[in-house]
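Note: the block below is final.txt and it holds compact mmCIF, C-alpha atoms.
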# COMPACT_ATOMS: atom_id res chain seq x y z
CA MET O 27 -45.27 -8.62 91.53
CA SER O 28 -48.00 -11.25 91.21
CA PRO O 29 -50.56 -10.86 88.41
CA PRO O 30 -53.77 -8.92 89.15
CA VAL O 31 -56.84 -10.91 90.17
CA PHE O 32 -60.28 -10.76 88.55
CA TRP O 33 -63.43 -12.51 89.70
CA VAL O 34 -65.35 -14.96 87.51
CA ASP O 35 -68.35 -17.19 88.22
CA ALA O 36 -66.36 -20.35 87.43
CA VAL O 37 -62.74 -21.02 86.50
CA PRO O 38 -62.47 -22.96 83.22
CA GLY O 39 -59.89 -25.69 82.59
CA ALA O 40 -56.40 -25.25 81.20
CA ASP O 41 -56.22 -24.17 77.52
CA SER O 42 -59.76 -22.81 77.73
CA SER O 43 -60.77 -19.26 76.91
CA VAL O 44 -62.14 -16.93 79.58
CA GLN O 45 -63.96 -13.64 79.01
CA LEU O 46 -64.05 -10.63 81.32
CA ASP O 47 -66.92 -8.22 80.77
CA GLY O 48 -68.87 -5.72 82.84
CA ASP O 49 -67.19 -4.27 85.91
CA GLU O 50 -64.35 -6.82 85.88
CA GLY O 51 -63.67 -6.26 82.20
CA ARG O 52 -63.79 -2.49 82.64
CA HIS O 53 -61.33 -2.65 85.51
CA ALA O 54 -58.98 -4.87 83.50
CA VAL O 55 -59.05 -2.79 80.33
CA THR O 56 -59.62 0.79 81.48
CA VAL O 57 -58.13 0.88 84.98
CA THR O 58 -55.36 -1.72 84.88
CA ARG O 59 -54.78 -1.11 81.14
CA LEU O 60 -53.92 -4.69 80.36
CA VAL O 61 -52.76 -5.62 76.86
CA ALA O 62 -52.23 -8.85 74.93
CA GLY O 63 -49.43 -11.00 76.33
CA GLU O 64 -49.78 -9.91 79.97
CA ARG O 65 -50.64 -12.36 82.75
CA ILE O 66 -53.70 -12.24 84.98
CA ILE O 67 -55.37 -14.52 87.51
CA VAL O 68 -59.07 -15.30 87.34
CA SER O 69 -60.67 -16.68 90.49
CA ASP O 70 -64.10 -17.80 91.66
CA GLY O 71 -63.41 -16.46 95.17
CA ALA O 72 -63.87 -19.97 96.54
CA GLY O 73 -60.34 -21.34 96.21
CA ALA O 74 -60.05 -22.05 92.47
CA ALA O 75 -57.95 -19.84 90.22
CA GLY O 76 -56.54 -19.82 86.74
CA LEU O 77 -53.27 -18.27 85.63
CA CYS O 78 -54.04 -16.71 82.26
CA GLU O 79 -52.45 -14.84 79.36
CA VAL O 80 -54.38 -11.97 77.83
CA VAL O 81 -55.25 -12.70 74.18
CA ARG O 82 -57.06 -9.52 73.21
CA THR O 83 -59.09 -6.59 74.51
CA ALA O 84 -62.12 -4.94 72.90
CA GLY O 85 -63.56 -1.52 73.64
CA LYS O 86 -63.38 -0.31 77.23
CA SER O 87 -64.79 -3.30 79.09
CA SER O 88 -64.04 -6.60 77.40
CA LEU O 89 -61.02 -8.88 77.65
CA GLU O 90 -60.31 -12.40 76.44
CA ALA O 91 -57.61 -14.56 77.99
CA ARG O 92 -56.31 -18.12 77.68
CA VAL O 93 -56.03 -20.26 80.81
CA LEU O 94 -52.47 -21.56 81.21
CA GLU O 95 -52.80 -23.38 84.51
CA VAL O 96 -55.53 -24.05 87.05
CA MET O 97 -54.66 -23.77 90.73
CA VAL O 98 -56.51 -24.68 93.92
CA THR O 99 -55.80 -23.16 97.34
CA PRO O 100 -57.23 -25.01 100.38
CA MET O 101 -58.93 -23.06 103.12
CA PRO O 102 -56.55 -22.08 105.94
CA LYS O 103 -57.02 -24.01 109.17
CA PRO O 104 -58.32 -23.36 111.68
CA PRO O 105 -60.92 -21.07 110.07
CA VAL O 106 -61.40 -17.70 111.76
CA THR O 107 -64.67 -15.80 112.10
CA ILE O 108 -64.79 -12.22 113.36
CA VAL O 109 -67.92 -10.95 115.08
CA GLN O 110 -67.52 -7.22 114.48
CA ALA O 111 -69.58 -4.70 116.45
CA LEU O 112 -70.68 -1.98 114.03
CA PRO O 113 -68.01 0.74 113.89
CA LYS O 114 -68.83 4.38 113.28
CA SER O 115 -69.86 4.96 109.67
CA GLU O 116 -66.55 6.42 108.50
CA ARG O 117 -64.65 3.33 109.72
CA SER O 118 -67.25 0.66 109.02
CA GLU O 119 -65.93 -0.67 105.72
CA LEU O 120 -62.33 -0.11 106.86
CA ALA O 121 -62.77 -2.81 109.50
CA VAL O 122 -63.89 -5.25 106.80
CA GLU O 123 -61.06 -4.27 104.44
CA LEU O 124 -58.35 -4.71 107.08
CA ALA O 125 -59.72 -8.03 108.33
CA THR O 126 -60.02 -9.34 104.77
CA GLU O 127 -56.45 -8.35 103.93
CA ALA O 128 -55.32 -10.08 107.14
CA GLY O 129 -57.02 -13.34 106.12
CA VAL O 130 -60.38 -13.57 107.93
CA ASP O 131 -62.69 -16.31 106.64
CA ALA O 132 -66.05 -14.90 107.75
CA ILE O 133 -67.36 -11.69 109.30
CA VAL O 134 -70.55 -11.27 111.33
CA PRO O 135 -71.82 -7.68 111.73
CA TRP O 136 -73.08 -7.24 115.29
CA GLN O 137 -75.50 -4.67 116.68
CA SER O 138 -73.81 -4.40 120.08
CA ALA O 139 -75.44 -2.42 122.88
CA ARG O 140 -72.98 0.49 122.74
CA CYS O 141 -72.71 0.81 118.97
CA VAL O 142 -73.05 4.40 117.83
CA SER O 143 -74.09 3.17 114.39
CA LYS O 144 -77.56 1.62 114.22
CA TRP O 145 -78.61 -0.66 111.37
CA VAL O 146 -82.40 -0.74 111.38
CA GLY O 147 -84.68 -2.17 108.70
CA LEU O 148 -83.43 -1.58 105.16
CA LYS O 149 -80.27 0.01 106.56
CA ALA O 150 -79.19 -3.45 107.74
CA ASP O 151 -79.50 -4.88 104.23
CA LYS O 152 -77.59 -1.94 102.77
CA GLY O 153 -74.90 -2.23 105.43
CA VAL O 154 -74.37 -5.93 104.75
CA ALA O 155 -74.21 -5.24 101.00
CA LYS O 156 -71.54 -2.56 101.55
CA TRP O 157 -69.49 -4.96 103.67
CA GLN O 158 -69.78 -7.62 100.97
CA LEU O 159 -68.47 -5.19 98.36
CA ALA O 160 -65.65 -4.09 100.68
CA ALA O 161 -64.64 -7.72 101.30
CA ARG O 162 -64.73 -8.50 97.59
CA ALA O 163 -62.53 -5.52 96.70
CA ALA O 164 -60.06 -6.17 99.54
CA ALA O 165 -59.77 -9.85 98.62
CA LYS O 166 -58.89 -8.87 95.06
CA GLN O 167 -56.35 -6.29 96.21
CA SER O 168 -54.64 -8.73 98.57
CA ARG O 169 -54.61 -11.57 95.97
CA ARG O 170 -56.76 -13.81 98.14
CA ALA O 171 -58.15 -17.13 96.93
CA TYR O 172 -61.30 -16.75 99.03
CA ILE O 173 -63.75 -13.90 99.49
CA PRO O 174 -64.81 -13.82 103.16
CA ASP O 175 -68.44 -14.63 103.90
CA ILE O 176 -70.44 -11.71 105.31
CA SER O 177 -73.38 -12.81 107.46
CA PRO O 178 -76.65 -10.97 108.09
CA LEU O 179 -76.74 -8.53 111.02
CA ALA O 180 -76.61 -10.39 114.36
CA THR O 181 -78.02 -9.59 117.79
CA THR O 182 -76.21 -10.43 121.03
CA LYS O 183 -78.47 -13.47 121.37
CA ASP O 184 -77.38 -14.60 117.90
CA VAL O 185 -73.71 -14.12 118.78
CA ALA O 186 -74.03 -16.09 122.02
CA ALA O 187 -75.74 -18.95 120.15
CA ARG O 188 -73.00 -18.97 117.53
CA ALA O 189 -70.32 -18.95 120.26
CA HIS O 190 -71.99 -21.90 121.98
CA SER O 191 -72.00 -23.85 118.70
CA VAL O 192 -68.32 -23.08 118.03
CA ILE O 193 -67.26 -24.21 121.51
CA ASP O 194 -69.39 -27.36 121.32
CA GLY O 195 -67.58 -28.23 118.11
CA GLY O 196 -64.12 -27.96 119.66
CA GLY O 197 -63.51 -24.34 118.75
CA VAL O 198 -62.30 -21.32 120.70
CA VAL O 199 -64.20 -18.08 121.22
CA ALA O 200 -62.12 -15.08 122.28
CA VAL O 201 -63.77 -11.86 123.40
CA LEU O 202 -61.24 -9.03 122.98
CA HIS O 203 -61.32 -6.80 126.05
CA GLU O 204 -58.79 -4.29 127.35
CA ALA O 205 -59.42 -5.26 130.99
CA ALA O 206 -59.03 -9.02 130.49
CA ALA O 207 -56.42 -10.90 132.49
CA THR O 208 -55.85 -13.72 129.97
CA SER O 209 -53.65 -13.25 126.91
CA LEU O 210 -54.84 -14.35 123.47
CA SER O 211 -51.68 -16.45 123.18
CA ALA O 212 -52.71 -18.44 126.28
CA LEU O 213 -55.70 -19.98 124.46
CA PRO O 214 -55.38 -23.40 122.74
CA LEU O 215 -55.54 -21.80 119.28
CA ALA O 216 -53.29 -24.31 117.51
CA THR O 217 -55.57 -27.25 118.35
CA ALA O 218 -58.90 -25.49 117.90
CA THR O 219 -61.26 -26.70 115.17
CA GLN O 220 -62.21 -23.07 114.54
CA ILE O 221 -61.68 -19.66 116.10
CA MET O 222 -64.21 -16.93 116.72
CA LEU O 223 -63.13 -13.41 117.69
CA VAL O 224 -65.64 -11.03 119.23
CA ILE O 225 -64.78 -7.35 118.84
CA GLY O 226 -66.74 -4.64 120.61
CA PRO O 227 -67.59 -1.11 119.46
CA GLU O 228 -65.82 2.20 120.17
CA GLY O 229 -67.71 2.52 123.45
CA GLY O 230 -66.62 -0.92 124.65
CA LEU O 231 -68.54 -4.06 125.49
CA ASP O 232 -71.46 -3.96 127.87
CA ASP O 233 -71.10 -6.11 131.01
CA SER O 234 -74.22 -8.06 130.04
CA GLU O 235 -72.65 -8.95 126.68
CA ILE O 236 -69.47 -10.23 128.29
CA ALA O 237 -71.57 -12.25 130.74
CA ALA O 238 -73.72 -13.76 127.96
CA LEU O 239 -70.62 -14.88 126.07
CA THR O 240 -68.58 -16.18 129.01
CA GLU O 241 -71.62 -18.16 130.20
CA VAL O 242 -71.46 -20.27 127.03
CA GLY O 243 -67.70 -20.81 127.34
CA ALA O 244 -66.09 -17.82 125.63
CA THR O 245 -62.91 -16.36 127.13
CA SER O 246 -62.28 -12.66 127.64
CA VAL O 247 -58.74 -11.98 126.39
CA LEU O 248 -56.20 -9.19 126.14
CA LEU O 249 -54.71 -8.79 122.67
CA GLY O 250 -51.76 -6.63 123.68
CA PRO O 251 -50.62 -3.66 125.77
CA GLU O 252 -52.13 -1.05 123.42
CA VAL O 253 -55.82 -0.14 123.18
CA LEU O 254 -56.76 -0.63 119.53
CA ARG O 255 -59.56 0.86 117.49
CA THR O 256 -62.45 -1.50 116.80
CA SER O 257 -61.66 -1.22 113.08
CA SER O 258 -58.06 -2.43 113.45
CA ALA O 259 -58.34 -4.94 116.31
CA GLY O 260 -59.44 -7.78 114.04
CA ALA O 261 -56.49 -7.42 111.68
CA VAL O 262 -54.00 -7.33 114.58
CA ALA O 263 -55.58 -10.42 116.15
CA LEU O 264 -55.46 -12.28 112.83
CA GLY O 265 -51.75 -11.56 112.58
CA ALA O 266 -51.19 -13.07 116.02
CA ILE O 267 -53.33 -16.10 115.14
CA GLY O 268 -51.40 -16.61 111.92
CA ALA O 269 -48.18 -16.88 113.92
CA LEU O 270 -49.67 -19.03 116.69
CA THR O 271 -51.38 -21.59 114.41
CA SER O 272 -50.64 -23.32 111.10
CA ARG O 273 -52.65 -20.80 109.08
CA TRP O 274 -49.50 -19.22 107.64
CA ASP O 275 -47.53 -22.46 107.10
CA ALA O 276 -48.50 -22.77 103.44
CA GLY O 277 -46.73 -19.52 102.59
CA PRO O 278 -47.86 -16.78 100.21
CA GLY O 279 -49.27 -16.95 96.72
CA TRP O 280 -51.38 -19.34 94.64
CA ARG O 281 -50.43 -22.99 94.60
CA ALA O 282 -50.86 -25.54 91.84
CA PRO O 283 -52.70 -28.75 92.79

Could you quickly redo this structure as structure tokens?
Amino acid sequence: MSPPVFWVDAVPGADSSVQLDGDEGRHAVTVTRLVAGERIIVSDGAGAAGLCEVVRTAGKSSLEARVLEVMVTPMPKPPVTIVQALPKSERSELAVELATEAGVDAIVPWQSARCVSKWVGLKADKGVAKWQLAARAAAKQSRRAYIPDISPLATTKDVAARAHSVIDGGGVVAVLHEAAATSLSALPLATATQIMLVIGPEGGLDDSEIAALTEVGATSVLLGPEVLRTSSAGAVALGAIGALTSRWDAGPGWRAP
């Protein structure tokens, strides 16, 4: 099993000392129960990581380790952004967790017309903050080199503008829809500069939303024969994209430069 991952602001060079305190230190000492001599990985969540050996622990929330080797993992290509219509509250963070574990690079929360959940005012800020925490925790659990970016809440107008920009830059925008006639695998994913997936809410996409997106060049696609929950559709699509592009070619784990 690969060593556990802990987040730091910056990864120091080889033979340097690194200190874990606060929440990360508490998790290392109290939850994971690390002791001197064990290996850990410290990462900045932006591609850099250090393989370390624990030197000592102190109290319940402090750990010192020595950096053995510094590693850099390049971003997977093409990058994938998920525009996620707000799921019902009990499945909201689950959608982020699953997409993060499946390798998404960025997530845009979307207030779609048929969303049961409504993020208004301060609730939008709190919702984004919860998604950021969920992405951070899931990235650690799945030993990811990058923490996905979580954007502010988007309107349909915002999503259409983003889709237009992606397509203008040589990217592909796929709107997942159970009634679509085109398969996801039929799109030129392998040659795209970036990929954007648009996932509707439990109640489905409104016709006006599909029209707004297809007008700027997005393609309505069928992911598979089953009708998936909005919280799991992103993860399933990312698996298909990993197999249809070079995103998985590097293989698992951290890589030394």

### Task
Extract, using all atoms listed in the file, all DNA, RNA and protein residues at most 9 Å from Ala259 of chain O, discarding same-chain residues fewer than 6 positions from it, and format them as a PyMOL selection string.
chain O and resi 121+125+202+225+249+253

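Counting all atoms listed in the file, the residue from O:Val106, O:Ala111, O:Val224, O:Leu148 that sits nearest to Asp175 of chain O is O:Val106.
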
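Closest to Ala237 of chain O among O:Val61, O:Ala165, O:Val262, O:Ala186 is O:Ala186, based on all atoms listed in the file.
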
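Proximity of O:Ala163, O:Leu213, O:Ala205, O:Leu120 to Ala261 of chain O, computed with all atoms listed in the file, is greatest for O:Leu120.
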
### Message
From (-62.0, -23.9, 113.5), in the file's coordinates, out to 6 Å: which residues are reached, counting all atoms listed in the file? Answer as a PyMOL selection string.
### Response
chain O and resi 104-105+197+218-221

### Task
For Gln137 of chain O, list every protein, DNA or RNA residue within 8 Å, evaluated using all atoms listed in the file, and leave out those in the same chain fewer than 6 positions away; present the list as a VMD selection string.
chain O and resid 111 to 112 144 to 145 179 to 182

### Task
Between atom CA of Ala72 of chain O and atom CA of Gly265 of chain O, measure the distance and give it in Å to one decimal.
21.8 Å

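The nearest approach to Ile267 of chain O among the residues O:Gly129, O:Val37, O:Gln45, O:Pro30, with only C-alpha atoms taken into account, belongs to O:Gly129.
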
Give me the residues within 10 Å of Leu239 of chain O as a PDB file with C-alpha atoms, keeping the file's coordinate frame, counting all atoms listed in the file and dropping any in the same chain fewer than 6 places off.
ATOM      1  CA  THR O 182     -76.210 -10.430 121.030  1.00  0.00           C
ATOM      2  CA  LYS O 183     -78.470 -13.470 121.370  1.00  0.00           C
ATOM      3  CA  VAL O 185     -73.710 -14.120 118.780  1.00  0.00           C
ATOM      4  CA  ALA O 186     -74.030 -16.090 122.020  1.00  0.00           C
ATOM      5  CA  ALA O 187     -75.740 -18.950 120.150  1.00  0.00           C
ATOM      6  CA  ARG O 188     -73.000 -18.970 117.530  1.00  0.00           C
ATOM      7  CA  ALA O 189     -70.320 -18.950 120.260  1.00  0.00           C
ATOM      8  CA  HIS O 190     -71.990 -21.900 121.980  1.00  0.00           C
ATOM      9  CA  VAL O 199     -64.200 -18.080 121.220  1.00  0.00           C
ATOM     10  CA  ALA O 200     -62.120 -15.080 122.280  1.00  0.00           C
ATOM     11  CA  VAL O 201     -63.770 -11.860 123.400  1.00  0.00           C
ATOM     12  CA  VAL O 224     -65.640 -11.030 119.230  1.00  0.00           C
ATOM     13  CA  THR O 245     -62.910 -16.360 127.130  1.00  0.00           C
ATOM     14  CA  SER O 246     -62.280 -12.660 127.640  1.00  0.00           C
TER      15      SER O 246
END

### Message
Show me, as a VMD selection string, the residues that have an atom within 10 Å of segment 89-102 of chain O when counting all atoms listed in the file, minus same-chain residues fewer than 6 positions from it.
### Response
chain O and resid 37 to 48 50 to 52 54 to 55 60 to 69 72 to 83 129 to 131 170 to 172 268 271 to 276 279 to 283

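Taking atom CA of Glu123 of chain O as the reference point, atom CA of Lys86 of chain O is found at 27.6 Å.
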
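Using all atoms listed in the file, the nearest neighbour of Ser88 of chain O within the list O:Gly153, O:Val31, O:Arg59, O:Gln158 is O:Arg59.
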
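Atom pair atom CA of Ala216 of chain O / atom CA of Ser168 of chain O has a distance of 24.6 Å (rounded to one decimal).
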
### Exercise: Ser143 of chain O partners within 12 Å, all atoms listed in the file, chain neighbours under 3 positions left out, as an MDAnalysis selection string
chainID O and resid 111:118 135:140 146 149:150 153 227:229

Some atoms are absent from segment 42-61 of chain O, so rebuild N, CA and C atoms and return them as a JSON list (two decimals), in the frame of the given file.
[["chain", "number", "residue", "atom", "x", "y", "z"],
["O", 42, "SER", "N", -58.45, -23.37, 78.05],
["O", 42, "SER", "CA", -59.76, -22.81, 77.73],
["O", 42, "SER", "C", -59.66, -21.29, 77.61],
["O", 43, "SER", "N", -60.70, -20.71, 77.02],
["O", 43, "SER", "CA", -60.77, -19.26, 76.91],
["O", 43, "SER", "C", -61.68, -18.72, 78.02],
["O", 44, "VAL", "N", -61.31, -17.57, 78.56],
["O", 44, "VAL", "CA", -62.14, -16.93, 79.58],
["O", 44, "VAL", "C", -62.36, -15.48, 79.19],
["O", 45, "GLN", "N", -63.58, -14.99, 79.41],
["O", 45, "GLN", "CA", -63.96, -13.64, 79.01],
["O", 45, "GLN", "C", -64.27, -12.79, 80.24],
["O", 46, "LEU", "N", -63.71, -11.60, 80.28],
["O", 46, "LEU", "CA", -64.05, -10.63, 81.32],
["O", 46, "LEU", "C", -64.87, -9.52, 80.69],
["O", 47, "ASP", "N", -66.05, -9.29, 81.23],
["O", 47, "ASP", "CA", -66.92, -8.22, 80.77],
["O", 47, "ASP", "C", -67.44, -7.45, 81.97],
["O", 48, "GLY", "N", -68.27, -6.46, 81.74],
["O", 48, "GLY", "CA", -68.87, -5.72, 82.84],
["O", 48, "GLY", "C", -67.84, -5.01, 83.68],
["O", 49, "ASP", "N", -68.08, -4.98, 85.00],
["O", 49, "ASP", "CA", -67.19, -4.27, 85.91],
["O", 49, "ASP", "C", -65.78, -4.86, 85.90],
["O", 50, "GLU", "N", -65.67, -6.20, 85.87],
["O", 50, "GLU", "CA", -64.35, -6.82, 85.88],
["O", 50, "GLU", "C", -63.60, -6.51, 84.59],
["O", 51, "GLY", "N", -64.30, -6.58, 83.47],
["O", 51, "GLY", "CA", -63.67, -6.26, 82.20],
["O", 51, "GLY", "C", -63.24, -4.81, 82.13],
["O", 52, "ARG", "N", -64.09, -3.93, 82.63],
["O", 52, "ARG", "CA", -63.79, -2.49, 82.64],
["O", 52, "ARG", "C", -62.55, -2.21, 83.50],
["O", 53, "HIS", "N", -62.48, -2.86, 84.64],
["O", 53, "HIS", "CA", -61.33, -2.65, 85.51],
["O", 53, "HIS", "C", -60.05, -3.16, 84.85],
["O", 54, "ALA", "N", -60.15, -4.29, 84.15],
["O", 54, "ALA", "CA", -58.98, -4.87, 83.50],
["O", 54, "ALA", "C", -58.48, -4.01, 82.34],
["O", 55, "VAL", "N", -59.43, -3.50, 81.54],
["O", 55, "VAL", "CA", -59.05, -2.79, 80.33],
["O", 55, "VAL", "C", -58.79, -1.31, 80.58],
["O", 56, "THR", "N", -59.70, -0.66, 81.31],
["O", 56, "THR", "CA", -59.62, 0.79, 81.48],
["O", 56, "THR", "C", -58.76, 1.22, 82.65],
["O", 57, "VAL", "N", -58.86, 0.49, 83.77],
["O", 57, "VAL", "CA", -58.13, 0.88, 84.98],
["O", 57, "VAL", "C", -56.72, 0.28, 84.98],
["O", 58, "THR", "N", -56.65, -1.05, 84.85],
["O", 58, "THR", "CA", -55.36, -1.72, 84.88],
["O", 58, "THR", "C", -54.61, -1.58, 83.56],
["O", 59, "ARG", "N", -55.35, -1.31, 82.48],
["O", 59, "ARG", "CA", -54.78, -1.11, 81.14],
["O", 59, "ARG", "C", -53.97, -2.31, 80.66],
["O", 60, "LEU", "N", -54.58, -3.46, 80.81],
["O", 60, "LEU", "CA", -53.92, -4.69, 80.36],
["O", 60, "LEU", "C", -53.91, -4.77, 78.84],
["O", 61, "VAL", "N", -52.88, -5.42, 78.31],
["O", 61, "VAL", "CA", -52.76, -5.62, 76.86],
["O", 61, "VAL", "C", -52.40, -7.07, 76.59]]
